[in-house]
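*Asks:* Take this structure first; my questions come after.
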Amino acid sequence: MHHRVDGSELQRLVVKIGTSSLICETGSPALPRIRRICSEVAQMRQAGVDVAVVTSGAIGIGRERLGMVERPKTIPEKQAAAAVGQSALVQIYEREFAEYGIPVGQVLVTRDDMKARSRYLNLINTFNTLFDFGVVPIVNENDTVAVEELRFENNDILSALVASAIDADLLVLLTDTDGLYTADPRKDPSAKRYDVVDELTLDILEGATDTASSYGTGGFHTKLEAARICMSAGIEMVIANADTERVLQQTLSPTPPGTRFIPKHHLAGRKRWFAFNLPIRGRILVDDGARAAVLNKGKSLLPSGIAAVQGQFDHGDLVAICGLDGLEFARGLANYSSDEVERIKGANSSEIQLRLGYKDYDVVIHRDNLVCLA
Ligand code: GLU
């Protein structure tokens, strides 16, 4: 049995392994490292923890197998490389986990699968059943069919969405640096690592913009995006170096070998689904009073606090709620379309009838359909 820092039992864990940790300089799979990480995952599984592995590296390994000297440029070339690399990758996991008698199952997802509520719920059921059978799901984006514009930005985001969907306690991003730094430690020797982050401040976000991890597609921008999803959903996240010995076990110690992101509050499953999987269709800018009412008092969004509307959205669409500074602090499902909000902004709820000629709701976004972001 494994315990988390707060003493609670660790039940469900997602481990994301980045491309830079999976592939050597030559382009072939980094087998000794993969072997070590798999043995750590296996130990967790044997201790009764549900573990899903989110793996990158399919395109990279496919490239090598197909003798593509340059990075594939066209989409069909990338998709062909992914098809070849993905099966090679799963064979590696299959072999590694067989050493421990643990079956693996390939789970390939696209953004569309997560967007459709019925498919999303189906996916969760599949994960639950795989875990019941003691399987380690090996997850990646379905790169061979995913359309470019509709992709997850990368596997950092995918792993956070999977962790959120299956209600994991912890997401560990294994990468080629020791965590999140105030600046790029490879360029700036005075850069310091953040050990614990409980708020995503502007300083943190700005410090991360130029800190790319070397081979991966992500860098820190998408790792912080993943952190935002986890912290908003109620999942702890750790960024750690894939080369650290016993990295998963150590992640559960009071001083993990990396940066630990502490979640704020636990979000209900339906809220997690719409907040992180539906596309954002527009933005509503609100004044400070409305901002405080939503953030600190958990109130619904009334028309009176609304200062401006951007984008075109319909009833039921997901919209970002931003302060007057334009920064998004919450999001939710709108009761009124953008045209309607434009007409009722600034009004008291009692004036909605007068302005629209009808009144379907008193509030623009009900608190049951509203999520505050970390
Ligand atoms: N899905 C891609 C692959 O397996 C990786 C995406 C990423 O690097 O985050 O090649």
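Order determines the names: the first chain of the structure tokens is A, the second B, and so forth; residues in each chain are numbered 1 upward, and ligands are numbered 1 upward as they are shown.
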Write out as a tab-separated table (two decimals) with N, CA, C and O atoms, in the first residue's frame which residues come within 9 Å of Leu205 (chain A) when counting only C-alpha atoms, dropping same-chain ones fewer than 3 positions away.
*Replies:*
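After the write, part.tsv holds the following:
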chain	number	residue	atom	x	y	z
A	200	LEU	N	-0.71	29.15	-9.61
A	200	LEU	CA	0.00	29.44	-10.87
A	200	LEU	C	0.05	30.95	-11.05
A	200	LEU	O	-0.84	31.54	-11.65
A	201	THR	N	1.10	31.55	-10.52
A	201	THR	CA	1.20	33.01	-10.58
A	201	THR	C	1.77	33.44	-11.94
A	201	THR	O	2.31	32.64	-12.69
A	202	LEU	N	1.65	34.73	-12.23
A	202	LEU	CA	2.18	35.26	-13.49
A	202	LEU	C	3.69	35.03	-13.59
A	202	LEU	O	4.22	34.73	-14.65
A	208	ALA	N	8.31	30.27	-17.37
A	208	ALA	CA	8.30	28.99	-18.08
A	208	ALA	C	8.27	29.14	-19.59
A	208	ALA	O	8.54	28.19	-20.30
A	209	THR	N	7.98	30.33	-20.08
A	209	THR	CA	7.72	30.44	-21.52
A	209	THR	C	8.91	30.03	-22.37
A	209	THR	O	8.75	29.40	-23.39
A	220	PHE	N	7.66	23.70	-21.20
A	220	PHE	CA	6.95	23.92	-19.95
A	220	PHE	C	5.61	24.59	-20.10
A	220	PHE	O	4.77	24.52	-19.22
A	221	HIS	N	5.40	25.22	-21.23
A	221	HIS	CA	4.11	25.86	-21.44
A	221	HIS	C	2.97	24.84	-21.29
A	221	HIS	O	2.02	25.05	-20.55
A	224	LEU	N	2.53	23.40	-17.74
A	224	LEU	CA	1.77	24.27	-16.84
A	224	LEU	C	0.28	24.25	-17.20
A	224	LEU	O	-0.57	24.38	-16.32
*Asks:* Please identify which residues in region 212-271 of chain A DSSP calls alpha helix (DSSP H) from the backbone, and express them as a list in words.
*Replies:*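 Selection result, alpha helix (DSSP H) within region 212-271 of chain A: Gly219, Phe220, His221, Thr222, Lys223, Leu224, Glu225, Ala226, Ala227, Arg228, Ile229, Cys230, Met231, Ser232, Ala233, Val247, Leu248, Gln249, Gln250, Thr251, Gly269, Arg270 and Lys271 of chain A.
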*Asks:* How about saving the chosen residues, C-alpha atoms kept, as a PDB file, in the first residue's frame?
*Replies:*
ATOM      1  CA  GLY A 219       8.298  22.303 -23.050  1.00  0.00           C
ATOM      2  CA  PHE A 220       6.950  23.925 -19.945  1.00  0.00           C
ATOM      3  CA  HIS A 221       4.111  25.860 -21.444  1.00  0.00           C
ATOM      4  CA  THR A 222       2.028  22.711 -21.906  1.00  0.00           C
ATOM      5  CA  LYS A 223       3.221  21.238 -18.581  1.00  0.00           C
ATOM      6  CA  LEU A 224       1.768  24.267 -16.842  1.00  0.00           C
ATOM      7  CA  GLU A 225      -1.413  23.919 -18.867  1.00  0.00           C
ATOM      8  CA  ALA A 226      -1.572  20.332 -17.589  1.00  0.00           C
ATOM      9  CA  ALA A 227      -0.951  21.641 -14.056  1.00  0.00           C
ATOM     10  CA  ARG A 228      -3.819  24.069 -14.439  1.00  0.00           C
ATOM     11  CA  ILE A 229      -6.196  21.261 -15.412  1.00  0.00           C
ATOM     12  CA  CYS A 230      -5.006  19.075 -12.521  1.00  0.00           C
ATOM     13  CA  MET A 231      -5.061  21.831  -9.906  1.00  0.00           C
ATOM     14  CA  SER A 232      -8.541  22.911 -11.027  1.00  0.00           C
ATOM     15  CA  ALA A 233      -9.848  19.349 -11.051  1.00  0.00           C
ATOM     16  CA  VAL A 247      11.192   8.201  -9.031  1.00  0.00           C
ATOM     17  CA  LEU A 248       7.589   7.037  -8.459  1.00  0.00           C
ATOM     18  CA  GLN A 249       8.229   5.896  -4.888  1.00  0.00           C
ATOM     19  CA  GLN A 250      10.066   9.101  -4.165  1.00  0.00           C
ATOM     20  CA  THR A 251       7.215  11.137  -5.592  1.00  0.00           C
ATOM     21  CA  GLY A 269     -16.999  14.503 -12.779  1.00  0.00           C
ATOM     22  CA  ARG A 270     -19.516  16.329 -14.972  1.00  0.00           C
ATOM     23  CA  LYS A 271     -17.801  19.673 -14.349  1.00  0.00           C
TER      24      LYS A 271
END
*Asks:* Just want the 12 Å neighbourhood of Gly27 (chain A), counted on only C-alpha atoms, with same-chain residues fewer than 3 positions away dropped. Output as a PyMOL selection string.
*Replies:* chain A and resi 19-24+30-31+57-71+85+215
*Asks:* Mind dumping the selected residues with N, CA and C atoms as a tab-separated table (two decimals), in the first residue's frame?
*Replies:*
chain	number	residue	atom	x	y	z
A	19	THR	N	8.61	12.01	-24.92
A	19	THR	CA	9.44	11.52	-26.03
A	19	THR	C	10.92	11.55	-25.68
A	20	SER	N	11.38	12.64	-25.05
A	20	SER	CA	12.80	12.78	-24.77
A	20	SER	C	13.29	11.70	-23.81
A	21	SER	N	12.39	11.13	-23.03
A	21	SER	CA	12.79	10.07	-22.09
A	21	SER	C	12.70	8.69	-22.72
A	22	LEU	N	11.98	8.59	-23.83
A	22	LEU	CA	11.73	7.28	-24.43
A	22	LEU	C	12.70	6.95	-25.57
A	23	ILE	N	13.31	7.99	-26.12
A	23	ILE	CA	14.11	7.79	-27.33
A	23	ILE	C	15.53	8.30	-27.12
A	24	CYS	N	16.51	7.50	-27.60
A	24	CYS	CA	17.91	7.95	-27.50
A	24	CYS	C	18.21	8.93	-28.63
A	30	ALA	N	14.90	4.09	-25.81
A	30	ALA	CA	15.86	4.12	-24.70
A	30	ALA	C	15.51	2.98	-23.74
A	31	LEU	N	15.88	1.76	-24.14
A	31	LEU	CA	15.38	0.58	-23.42
A	31	LEU	C	15.72	0.51	-21.93
A	57	GLY	N	6.36	9.12	-28.10
A	57	GLY	CA	7.43	8.38	-28.76
A	57	GLY	C	7.03	7.59	-29.98
A	58	ALA	N	5.73	7.51	-30.30
A	58	ALA	CA	5.32	6.68	-31.44
A	58	ALA	C	5.90	7.23	-32.75
A	59	ILE	N	5.75	8.53	-32.94
A	59	ILE	CA	6.24	9.10	-34.21
A	59	ILE	C	7.77	8.96	-34.29
A	60	GLY	N	8.43	9.22	-33.16
A	60	GLY	CA	9.89	9.13	-33.13
A	60	GLY	C	10.39	7.73	-33.48
A	61	ILE	N	9.79	6.72	-32.86
A	61	ILE	CA	10.25	5.34	-33.11
A	61	ILE	C	9.87	4.91	-34.53
A	62	GLY	N	8.70	5.33	-34.98
A	62	GLY	CA	8.27	5.00	-36.34
A	62	GLY	C	9.22	5.58	-37.38
A	63	ARG	N	9.65	6.77	-37.12
A	63	ARG	CA	10.61	7.44	-37.99
A	63	ARG	C	11.85	6.59	-38.19
A	64	GLU	N	12.36	6.12	-37.05
A	64	GLU	CA	13.57	5.31	-37.11
A	64	GLU	C	13.33	4.02	-37.89
A	65	ARG	N	12.19	3.36	-37.60
A	65	ARG	CA	11.89	2.09	-38.28
A	65	ARG	C	11.73	2.27	-39.78
A	66	LEU	N	11.21	3.41	-40.19
A	66	LEU	CA	10.96	3.64	-41.62
A	66	LEU	C	12.16	4.30	-42.30
A	67	GLY	N	13.21	4.54	-41.53
A	67	GLY	CA	14.40	5.16	-42.10
A	67	GLY	C	14.17	6.59	-42.56
A	68	MET	N	13.23	7.27	-41.93
A	68	MET	CA	13.01	8.69	-42.29
A	68	MET	C	14.12	9.51	-41.64
A	69	VAL	N	14.99	10.06	-42.44
A	69	VAL	CA	16.14	10.75	-41.89
A	69	VAL	C	15.71	12.06	-41.25
A	70	GLU	N	14.81	12.76	-41.94
A	70	GLU	CA	14.36	14.04	-41.40
A	70	GLU	C	13.04	13.85	-40.66
A	71	ARG	N	12.75	14.80	-39.81
A	71	ARG	CA	11.46	14.83	-39.14
A	71	ARG	C	10.36	14.82	-40.20
A	85	GLY	N	5.34	3.21	-35.33
A	85	GLY	CA	5.97	3.39	-34.02
A	85	GLY	C	5.07	2.94	-32.88
A	215	TYR	N	14.05	17.57	-26.37
A	215	TYR	CA	13.60	16.82	-27.55
A	215	TYR	C	12.09	16.79	-27.66
*Asks:* What residues of the protein or nucleic acid chains come within 7 Å of ligand 1 when you use only C-alpha atoms and all ligand atoms? Reply as a list in words.
*Replies:*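 These are the residues that qualify: Gly18, Thr19, Thr55, Ser56, Gly57, Ala58, Ile59, Gly60, Ala82, Gln86, Asn140, Glu141, Asp143, Asn154, Asn155, Asp156, Gly216, Thr217 and Gly218 of chain A.
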*Asks:* Once you have the residues from the selection above, write them out as a tab-separated table (two decimals), in the first residue's frame, restricted to C-alpha atoms.
*Replies:*
chain	number	residue	atom	x	y	z
A	18	GLY	CA	7.79	12.11	-22.67
A	19	THR	CA	9.44	11.52	-26.03
A	55	THR	CA	3.36	7.30	-23.59
A	56	SER	CA	4.75	9.48	-26.34
A	57	GLY	CA	7.43	8.38	-28.76
A	58	ALA	CA	5.32	6.68	-31.44
A	59	ILE	CA	6.24	9.10	-34.21
A	60	GLY	CA	9.89	9.13	-33.13
A	82	ALA	CA	2.89	6.93	-35.74
A	86	GLN	CA	2.87	2.83	-31.92
A	140	ASN	CA	-1.47	7.68	-26.48
A	141	GLU	CA	-3.23	9.98	-28.86
A	143	ASP	CA	-2.10	9.93	-34.14
A	154	ASN	CA	0.45	17.20	-26.86
A	155	ASN	CA	0.65	14.35	-24.37
A	156	ASP	CA	1.10	16.66	-21.35
A	216	GLY	CA	9.99	16.76	-26.55
A	217	THR	CA	7.18	18.60	-28.24
A	218	GLY	CA	5.93	20.23	-25.09
*Asks:* With only C-alpha atoms as the basis for distance, which of A:Tyr181, A:Asn142, A:Ile34, A:Arg45 is at the shortest distance from Gln79 (chain A)?
*Replies:*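 Comparing A:Tyr181, A:Asn142, A:Ile34, A:Arg45 against Gln79 (chain A), the winner is A:Asn142.
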*Asks:* Could you check which of A:Lys16, A:Arg291, A:Arg35, A:Arg246 is closest to Ile157 (chain A), using only C-alpha atoms?
*Replies:*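 Ranked by minimum distance to Ile157 (chain A), first place goes to A:Lys16.
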*Asks:* List the neighbours of Gly105 (chain A) out to 9 Å using only C-alpha atoms; skip same-chain residues closer than 6 positions along the sequence, and give me the result as number ranges by chain.
*Replies:* A: 90, 94, 130, 135-139
*Asks:* List the neighbours of Arg4 (chain A) out to 10 Å using only C-alpha atoms; skip same-chain residues closer than 6 positions along the sequence, and give me the result as a CSV table (one decimal) with N, CA and C atoms, in the first residue's frame.
*Replies:*
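Result saved to part-v1.csv:
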chain,number,residue,atom,x,y,z
A,10,LEU,N,-2.9,6.1,-1.8
A,10,LEU,CA,-2.8,6.4,-3.3
A,10,LEU,C,-3.6,5.3,-4.0
A,11,GLN,N,-4.6,5.6,-4.7
A,11,GLN,CA,-5.4,4.6,-5.4
A,11,GLN,C,-5.2,4.6,-6.9
A,169,ASP,N,-5.5,10.2,-8.4
A,169,ASP,CA,-5.1,11.1,-7.3
A,169,ASP,C,-3.9,11.9,-7.7
A,170,LEU,N,-3.1,11.3,-8.6
A,170,LEU,CA,-1.8,11.9,-8.9
A,170,LEU,C,-1.4,11.7,-10.3
A,236,GLU,N,-3.3,16.0,-7.7
A,236,GLU,CA,-1.9,16.5,-7.5
A,236,GLU,C,-1.1,16.2,-8.8
A,249,GLN,N,8.3,6.0,-6.4
A,249,GLN,CA,8.2,5.9,-4.9
A,249,GLN,C,8.6,7.2,-4.2
A,251,THR,N,8.2,10.1,-5.4
A,251,THR,CA,7.2,11.1,-5.6
A,251,THR,C,6.2,11.2,-4.4
A,252,LEU,N,6.1,10.0,-3.8
A,252,LEU,CA,5.1,10.0,-2.6
A,252,LEU,C,5.7,10.4,-1.3
A,253,SER,N,7.0,10.7,-1.3
A,253,SER,CA,7.7,11.2,-0.1
A,253,SER,C,7.4,12.6,0.2
A,254,PRO,N,7.6,13.1,1.4
A,254,PRO,CA,7.3,14.5,1.7
A,254,PRO,C,8.1,15.5,0.8
*Asks:* Got a sec to tell me which of region 273-341 of chain A DSSP assigns to strand (DSSP E or B), as JSON, numbers by chain?
*Replies:* {"A": [280, 281, 282, 283, 284, 285, 286, 301, 306, 307, 308, 309, 310, 311, 318, 319, 320, 321, 322, 328, 329, 330, 331, 332, 333]}
*Asks:* Could you take the residues named above and write them with C-alpha atoms, as a PDB file, in the first residue's frame?
*Replies:*
ATOM      1  CA  ILE A 280     -14.313  27.353 -25.682  1.00  0.00           C
ATOM      2  CA  ARG A 281     -16.572  29.316 -28.031  1.00  0.00           C
ATOM      3  CA  GLY A 282     -16.321  32.816 -26.590  1.00  0.00           C
ATOM      4  CA  ARG A 283     -15.280  35.053 -23.725  1.00  0.00           C
ATOM      5  CA  ILE A 284     -17.232  37.109 -21.235  1.00  0.00           C
ATOM      6  CA  LEU A 285     -15.368  39.934 -19.477  1.00  0.00           C
ATOM      7  CA  VAL A 286     -16.688  40.799 -16.031  1.00  0.00           C
ATOM      8  CA  LEU A 301     -22.715  34.861 -13.141  1.00  0.00           C
ATOM      9  CA  ILE A 306     -20.750  41.680 -17.431  1.00  0.00           C
ATOM     10  CA  ALA A 307     -18.680  44.338 -19.192  1.00  0.00           C
ATOM     11  CA  ALA A 308     -18.062  42.825 -22.633  1.00  0.00           C
ATOM     12  CA  VAL A 309     -18.696  39.780 -24.797  1.00  0.00           C
ATOM     13  CA  GLN A 310     -16.294  38.317 -27.360  1.00  0.00           C
ATOM     14  CA  GLY A 311     -16.857  35.570 -29.951  1.00  0.00           C
ATOM     15  CA  LEU A 318     -18.626  26.652 -23.074  1.00  0.00           C
ATOM     16  CA  VAL A 319     -17.324  30.200 -22.554  1.00  0.00           C
ATOM     17  CA  ALA A 320     -14.327  31.626 -20.725  1.00  0.00           C
ATOM     18  CA  ILE A 321     -15.062  34.088 -17.907  1.00  0.00           C
ATOM     19  CA  CYS A 322     -12.325  36.715 -17.728  1.00  0.00           C
ATOM     20  CA  GLU A 328      -9.541  33.782 -17.689  1.00  0.00           C
ATOM     21  CA  PHE A 329     -10.384  32.794 -14.099  1.00  0.00           C
ATOM     22  CA  ALA A 330     -13.402  30.549 -14.660  1.00  0.00           C
ATOM     23  CA  ARG A 331     -15.426  28.940 -17.420  1.00  0.00           C
ATOM     24  CA  GLY A 332     -18.936  27.680 -17.775  1.00  0.00           C
ATOM     25  CA  LEU A 333     -21.903  26.762 -19.943  1.00  0.00           C
TER      26      LEU A 333
END
*Asks:* How many Å lie between CA of His2 (chain A) and CA of Val51 (chain A), rounded to one decimal?
*Replies:* 12.3 Å
*Asks:* Show which residues sit within 10 Å of Lys192 (chain A), as a list in words. Count only C-alpha atoms, and ignore same-chain residues fewer than 3 positions away.
*Replies:*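 Skipping anything fewer than 3 positions along the chain leaves Gly179, Leu180, Tyr181, Thr182, Ala183, Asp184, Pro185, Asp188, Pro189 and Asp195 of chain A.
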*Asks:* How would the residues just picked look written out with C-alpha atoms as a CSV table (one decimal), in the first residue's frame?
*Replies:*
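File produced: result-v9.csv:
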chain,number,residue,atom,x,y,z
A,179,GLY,CA,11.1,20.0,-12.4
A,180,LEU,CA,10.0,23.6,-13.0
A,181,TYR,CA,12.6,26.3,-12.6
A,182,THR,CA,12.4,30.1,-12.3
A,183,ALA,CA,14.3,30.3,-15.6
A,184,ASP,CA,15.9,27.8,-18.0
A,185,PRO,CA,18.7,26.2,-15.8
A,188,ASP,CA,20.8,30.6,-16.5
A,189,PRO,CA,22.9,29.1,-13.6
A,195,ASP,CA,9.6,22.6,-5.0
